[in-house]
Structure formats: structure tokens, C-alpha cells
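Peer 1: Below is the file run-v2.csv, with CSV, C-alpha atoms and all ligand atoms.
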chain,number,residue,atom,x,y,z
A,1,MET,CA,-1.4,-16.4,-21.1
A,2,THR,CA,0.0,-19.5,-22.8
A,3,GLY,CA,-3.2,-21.4,-23.3
A,4,HIS,CA,-1.5,-24.3,-21.4
A,5,HIS,CA,-3.0,-25.8,-18.3
A,6,PRO,CA,-0.9,-25.6,-15.1
A,7,VAL,CA,0.2,-28.9,-13.6
A,8,LEU,CA,-1.5,-29.5,-10.2
A,9,THR,CA,0.8,-31.1,-7.6
A,10,LEU,CA,0.1,-32.1,-4.0
A,11,VAL,CA,2.6,-32.1,-1.2
A,12,ARG,CA,2.1,-33.0,2.5
A,13,GLY,CA,4.1,-30.4,4.4
A,14,ASP,CA,4.7,-26.9,5.5
A,15,ILE,CA,3.9,-24.1,3.1
A,16,THR,CA,6.7,-21.9,4.5
A,17,GLU,CA,9.3,-24.5,3.3
A,18,GLN,CA,8.3,-24.5,-0.4
A,19,HIS,CA,10.7,-23.4,-3.1
A,20,VAL,CA,8.2,-21.7,-5.4
A,21,ASP,CA,7.9,-18.2,-6.8
A,22,ALA,CA,4.8,-17.3,-4.7
A,23,VAL,CA,3.2,-18.8,-1.6
A,24,VAL,CA,-0.4,-17.9,-0.8
A,25,ASN,CA,-1.2,-16.9,2.7
A,26,ALA,CA,-4.6,-17.7,4.3
A,27,ALA,CA,-4.6,-14.2,5.8
A,28,ASN,CA,-7.3,-12.3,7.7
A,29,SER,CA,-8.6,-9.0,6.5
A,30,SER,CA,-6.5,-7.0,8.9
A,31,LEU,CA,-3.3,-8.2,7.1
A,32,LEU,CA,-1.6,-7.8,10.5
A,33,GLY,CA,-1.1,-11.4,11.4
A,34,GLY,CA,-2.9,-14.3,12.8
A,35,GLY,CA,-2.4,-18.0,13.6
A,36,GLY,CA,-2.2,-21.0,11.3
A,37,VAL,CA,-0.6,-20.4,7.9
A,38,ASP,CA,-0.4,-16.7,8.6
A,39,GLY,CA,1.5,-17.0,11.8
A,40,ALA,CA,3.9,-19.5,10.3
A,41,ILE,CA,4.6,-17.3,7.3
A,42,HIS,CA,5.3,-14.2,9.4
A,43,ARG,CA,7.4,-16.2,11.9
A,44,ARG,CA,9.5,-17.8,9.2
A,45,GLY,CA,9.5,-14.9,6.7
A,46,GLY,CA,10.5,-12.2,9.2
A,47,PRO,CA,9.4,-8.7,9.8
A,48,GLU,CA,9.7,-7.4,6.3
A,49,ILE,CA,6.4,-9.0,5.3
A,50,LEU,CA,4.5,-7.4,8.2
A,51,ALA,CA,6.1,-4.1,7.4
A,52,GLU,CA,4.8,-4.3,3.9
A,53,CYS,CA,1.3,-5.3,5.1
A,54,ARG,CA,1.2,-2.3,7.4
A,55,ARG,CA,2.1,-0.1,4.4
A,56,LEU,CA,-0.8,-1.7,2.4
A,57,ARG,CA,-3.1,-0.9,5.4
A,58,ALA,CA,-1.9,2.7,5.4
A,59,SER,CA,-2.5,3.1,1.6
A,60,HIS,CA,-4.8,1.0,-0.5
A,61,TYR,CA,-6.4,-1.2,2.2
A,62,GLY,CA,-7.3,1.2,5.0
A,63,ARG,CA,-10.3,-1.0,5.9
A,64,GLY,CA,-8.4,-4.2,5.4
A,65,LEU,CA,-8.3,-6.7,2.5
A,66,PRO,CA,-11.9,-7.8,1.6
A,67,THR,CA,-12.8,-11.5,1.7
A,68,GLY,CA,-12.1,-13.2,-1.6
A,69,GLN,CA,-9.4,-10.6,-2.7
A,70,ALA,CA,-5.7,-11.0,-2.9
A,71,VAL,CA,-2.6,-8.8,-2.7
A,72,ALA,CA,1.1,-9.5,-2.9
A,73,THR,CA,4.1,-8.6,-0.7
A,74,THR,CA,7.7,-9.6,-0.4
A,75,ALA,CA,8.3,-13.0,1.0
A,76,GLY,CA,11.0,-11.7,3.3
A,77,ARG,CA,13.3,-14.6,4.3
A,78,LEU,CA,11.2,-17.3,2.8
A,79,ALA,CA,12.6,-19.2,-0.2
A,80,ALA,CA,9.7,-17.8,-2.3
A,81,ARG,CA,9.9,-14.4,-3.9
A,82,TRP,CA,6.4,-13.3,-3.0
A,83,VAL,CA,3.6,-13.9,-0.5
A,84,ILE,CA,0.1,-13.5,-2.0
A,85,HIS,CA,-2.2,-12.7,0.9
A,86,THR,CA,-5.9,-13.7,0.4
A,87,VAL,CA,-8.7,-13.7,2.8
A,88,GLY,CA,-10.9,-16.8,2.9
A,89,PRO,CA,-14.5,-16.7,4.0
A,90,VAL,CA,-15.5,-18.0,7.4
A,91,HIS,CA,-17.6,-21.2,6.8
A,92,SER,CA,-21.3,-20.7,7.5
A,93,PRO,CA,-23.8,-23.6,7.4
A,94,GLY,CA,-26.7,-21.2,6.6
A,95,ASP,CA,-25.0,-19.1,3.9
A,96,ASP,CA,-23.2,-20.5,0.8
A,97,ARG,CA,-20.0,-18.6,0.6
A,98,ALA,CA,-18.3,-21.0,-1.9
A,99,HIS,CA,-18.1,-18.2,-4.4
A,100,LEU,CA,-15.9,-16.3,-2.0
A,101,LEU,CA,-13.6,-19.3,-1.4
A,102,ALA,CA,-13.4,-19.8,-5.2
A,103,SER,CA,-12.5,-16.1,-5.6
A,104,CYS,CA,-9.5,-16.5,-3.3
A,105,TYR,CA,-8.0,-19.0,-5.7
A,106,ARG,CA,-8.9,-17.1,-8.8
A,107,GLU,CA,-7.7,-13.7,-7.5
A,108,SER,CA,-4.5,-15.2,-6.2
A,109,LEU,CA,-3.8,-16.7,-9.6
A,110,ARG,CA,-4.6,-13.3,-11.2
A,111,VAL,CA,-2.0,-11.6,-8.9
A,112,ALA,CA,0.5,-14.4,-9.6
A,113,ASP,CA,0.1,-13.7,-13.3
A,114,GLU,CA,0.6,-10.0,-12.7
A,115,LEU,CA,3.9,-10.8,-10.9
A,116,GLY,CA,5.0,-13.3,-13.5
A,117,ALA,CA,5.1,-16.2,-11.0
A,118,GLY,CA,5.6,-19.6,-12.6
A,119,THR,CA,5.0,-21.7,-9.6
A,120,VAL,CA,2.5,-21.0,-6.8
A,121,ALA,CA,1.8,-22.9,-3.6
A,122,PHE,CA,-1.6,-22.8,-1.9
A,123,PRO,CA,-2.7,-23.9,1.5
A,124,ALA,CA,-6.2,-25.3,2.1
A,125,ILE,CA,-7.7,-21.8,2.5
A,126,SER,CA,-10.5,-21.5,5.2
A,127,THR,CA,-10.1,-25.0,6.5
A,128,GLY,CA,-8.4,-24.0,9.8
A,129,VAL,CA,-9.9,-21.5,12.2
A,130,TYR,CA,-12.4,-20.5,9.5
A,131,GLY,CA,-14.0,-23.9,9.8
A,132,TRP,CA,-14.6,-24.9,6.1
A,133,PRO,CA,-15.1,-28.7,5.8
A,134,MET,CA,-12.0,-30.2,4.2
A,135,ASP,CA,-13.7,-32.3,1.5
A,136,ASP,CA,-15.8,-29.3,0.2
A,137,ALA,CA,-12.8,-26.9,0.5
A,138,ALA,CA,-10.8,-29.4,-1.7
A,139,ARG,CA,-13.6,-29.5,-4.2
A,140,VAL,CA,-13.8,-25.7,-4.5
A,141,ALA,CA,-10.0,-25.4,-4.7
A,142,VAL,CA,-9.4,-27.9,-7.4
A,143,GLU,CA,-12.5,-27.0,-9.5
A,144,THR,CA,-11.6,-23.3,-9.4
A,145,VAL,CA,-7.9,-23.6,-10.3
A,146,ARG,CA,-8.9,-26.0,-13.1
A,147,ASP,CA,-11.4,-23.4,-14.4
A,148,THR,CA,-9.1,-20.4,-14.2
A,149,ALA,CA,-7.0,-19.3,-17.2
A,150,THR,CA,-3.4,-18.6,-16.0
A,151,ALA,CA,0.1,-18.6,-17.2
A,152,VAL,CA,1.3,-20.3,-13.9
A,153,ALA,CA,3.0,-23.6,-14.8
A,154,GLU,CA,2.6,-25.4,-11.5
A,155,ILE,CA,0.0,-25.0,-8.8
A,156,ARG,CA,1.1,-26.8,-5.7
A,157,PHE,CA,-1.4,-27.6,-2.9
A,158,VAL,CA,0.5,-27.9,0.4
A,159,LEU,CA,-1.5,-29.9,2.9
A,160,PHE,CA,-0.6,-29.9,6.5
A,161,ASP,CA,-1.9,-33.3,7.5
A,162,GLU,CA,-2.8,-36.6,6.0
A,163,ARG,CA,-6.6,-35.9,6.1
A,164,ALA,CA,-6.2,-32.8,4.1
A,165,TYR,CA,-3.8,-34.5,1.7
A,166,GLU,CA,-6.3,-37.3,1.1
A,167,ALA,CA,-9.2,-34.9,0.5
A,168,PHE,CA,-7.2,-33.0,-2.2
A,169,ALA,CA,-5.8,-36.2,-3.7
A,170,ALA,CA,-9.4,-37.5,-4.1
A,171,ARG,CA,-10.2,-34.4,-6.2
A,172,VAL,CA,-7.0,-34.2,-8.3
A,173,ARG,CA,-7.1,-37.9,-9.3
A,201,LIG,P1,-8.1,-20.1,7.7
A,201,LIG,O1,-8.1,-19.0,8.7
A,201,LIG,O2,-8.2,-19.6,6.3
A,201,LIG,O3,-9.0,-21.2,8.1
A,201,LIG,P2,-5.7,-21.4,8.8
A,201,LIG,O4,-4.3,-20.9,8.6
A,201,LIG,O5,-6.2,-21.4,10.2
A,201,LIG,O6,-6.5,-20.6,7.7
A,201,LIG,O7,-5.7,-22.9,8.2
A,201,LIG,C1,-5.8,-23.3,6.8
A,201,LIG,C2,-5.2,-24.7,6.7
A,201,LIG,O8,-3.8,-24.6,6.6
A,201,LIG,C3,-5.6,-25.7,7.7
A,201,LIG,O9,-5.9,-26.9,7.1
A,201,LIG,C4,-4.3,-25.8,8.5
A,201,LIG,O10,-4.2,-27.1,9.1
A,201,LIG,C5,-3.3,-25.6,7.5
A,201,LIG,N1,-1.9,-25.1,8.0
A,201,LIG,C6,-1.6,-24.6,9.1
A,201,LIG,N2,-0.3,-24.3,9.2
A,201,LIG,C7,0.2,-24.6,7.9
A,201,LIG,C8,1.5,-24.6,7.3
A,201,LIG,N3,2.6,-24.1,8.0
A,201,LIG,N4,1.6,-25.0,6.0
A,201,LIG,C9,0.6,-25.5,5.4
A,201,LIG,N5,-0.7,-25.6,5.9
A,201,LIG,C10,-0.9,-25.2,7.2
If you convert what's in this file into C-alpha cells, what do you get?

Peer 2:
Amino acid sequence: MTGHHPVLTLVRGDITEQHVDAVVNAANSSLLGGGGVDGAIHRRGGPEILAECRRLRASHYGRGLPTGQAVATTAGRLAARWVIHTVGPVHSPGDDRAHLLASCYRESLRVADELGAGTVAFPAISTGVYGWPMDDAARVAVETVRDTATAVAEIRFVLFDERAYEAFAARVR
């Protein structure tokens, strides 16, 4: 831990194209693939990633990766060295799961520190099929990474569309 704060950067684009040490995957607890970010990472990164996910299921994560936790694999053919898989909570209007969304960012940074990753790219976790409202997801994401002690030098939020970009920009400014 350096005691320095990471630089937060925002990019509108595709997380699979980022030249960073680690890209974070908005996975599901099966670790065996899905749509959205997960589908794009496995498509572009190739079968090595899924093979390592299957090994994780066969060893440490027999019941899957719990919501809010994170685990790393190879990044296969991606430009990154590692994929850090984390499972976001499904948004629920009647149940405040923000602590689980915050945990995804915190645990991913903890894994990044274990790996020695200097640059980490995050998608807007839980804002796709898991239904989290973008503005609130941006608030949780930015507040959490700002409050987390880490040796990571750059945290890059990679936002897929203009609406997501603007929501994050409003929090980073
Ligand atoms: P979740 O299941 O956690 O909701 P999704 O992958 O469905 O995860 O969506 C998370 C966010 O990532 C959404 O805002 C979606 O628009 C965005 N997204 C989808 N594909 C990509 C990609 N290739 N790069 C970056 N963001 C993406």
C-alpha cells in the first residue's frame, strides 16, 4: 500500500478492448458465462478463461462465487493480464443491497492488490440485466473506490453508452 490515491478515469467504450493489467467482469455466480460484459469477455478472451472458471467451480467455488466476492483468472487473449470476476447483486426495490454492490468494488480491488495490478478497468456492475439504476450504481461505485485503500494507480470506469458515461462523470467531477 503506497498511501497514494488511485487516479479515477472514465472511458466510453468496450471493456474488452482496454489495455490495463486487470479487467473486472460483471459475472454471475455460476462463473460459467452469461450475457453483457461476461459474454463479451469470454467471446473476446477465448476458452482459456472459461476453462479456469470451470476449475474454480471444481475446487474452491463448488456452489459458485457468492454475490459481492471476487476471484481472478487469466485474461486469455485479452490485452489485460487478468480478469477479476465479481458477482453484483440483482437490484431489488424492497431490499437495500448497496453494501453488496460496494463489496464488488472493494473485493475486486483487494484481489487486484494481491495480483499486483497497477491499472484496473471496471464496468458499471449490476446496471445491465441485474437492473441497478445507473445514477445510484455510479454513486456506489465512485464512493466505494474512493473509500478503499489500494496500491492500484489507475481505476478506469469503462462505460458502454453515453448515459452511463454521464452518470459516472457527474460523480467523479
Ligand atoms: P450485470 O449482470 O451485473 O447487470 P451486465 O453485463 O448485464 O451486468 O451489464 C453491466 C453494464 O455493462 C451495463 O451498463 C451494460 O450496458 C454494460 N456493458 C455491456 N457490455 C459491455 C462491454 N463490452 N464493455 C463495457 N460495458 C459493457

Peer 1: Collect all residues with atoms no farther than 8 Å from ligand LIG 201 (chain A), counting all atoms listed in the file, and output them as a ChimeraX atom specification.

Peer 2: /A:13-16,25-28,34-41,87-90,123-132,134,158-161,164

Peer 1: In Å, with one decimal, what is the gap from atom CA of Ala70 of chain A to atom CA of Ala169 of chain A?

Peer 2: 25.2 Å

Peer 1: For Glu166 of chain A, which residue out of A:Ala102, A:Leu10, A:Val83, A:Leu109 is the nearest one, using all atoms listed in the file?

Peer 2: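 So, comparing all the options, the nearest one is A:Leu10.
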
Peer 1: Of the candidates A:Leu50, A:His42, A:Arg97, A:His91, which one gets nearest to Gly68 of chain A if we count only C-alpha atoms?

Peer 2: A:Arg97

Peer 1: Which one of A:Arg43, A:Arg55, A:Arg173, A:Arg146 sits closest to Arg106 of chain A if you count all atoms listed in the file?

Peer 2: A:Arg146

Peer 1: Measure the distance from atom CA of Pro93 of chain A to atom CA of Ala170 of chain A in Å and round it to one decimal.

Peer 2: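 Pair atom CA of Pro93 of chain A / atom CA of Ala170 of chain A returns 23.1 Å.
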
Peer 1: In terms of the shortest atom-to-atom distance over only C-alpha atoms, which of A:Phe122, A:Trp82, A:Tyr61, A:Tyr105 is closest to Thr148 of chain A?

Peer 2: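 Result for the nearest residue to Thr148 of chain A: A:Tyr105.
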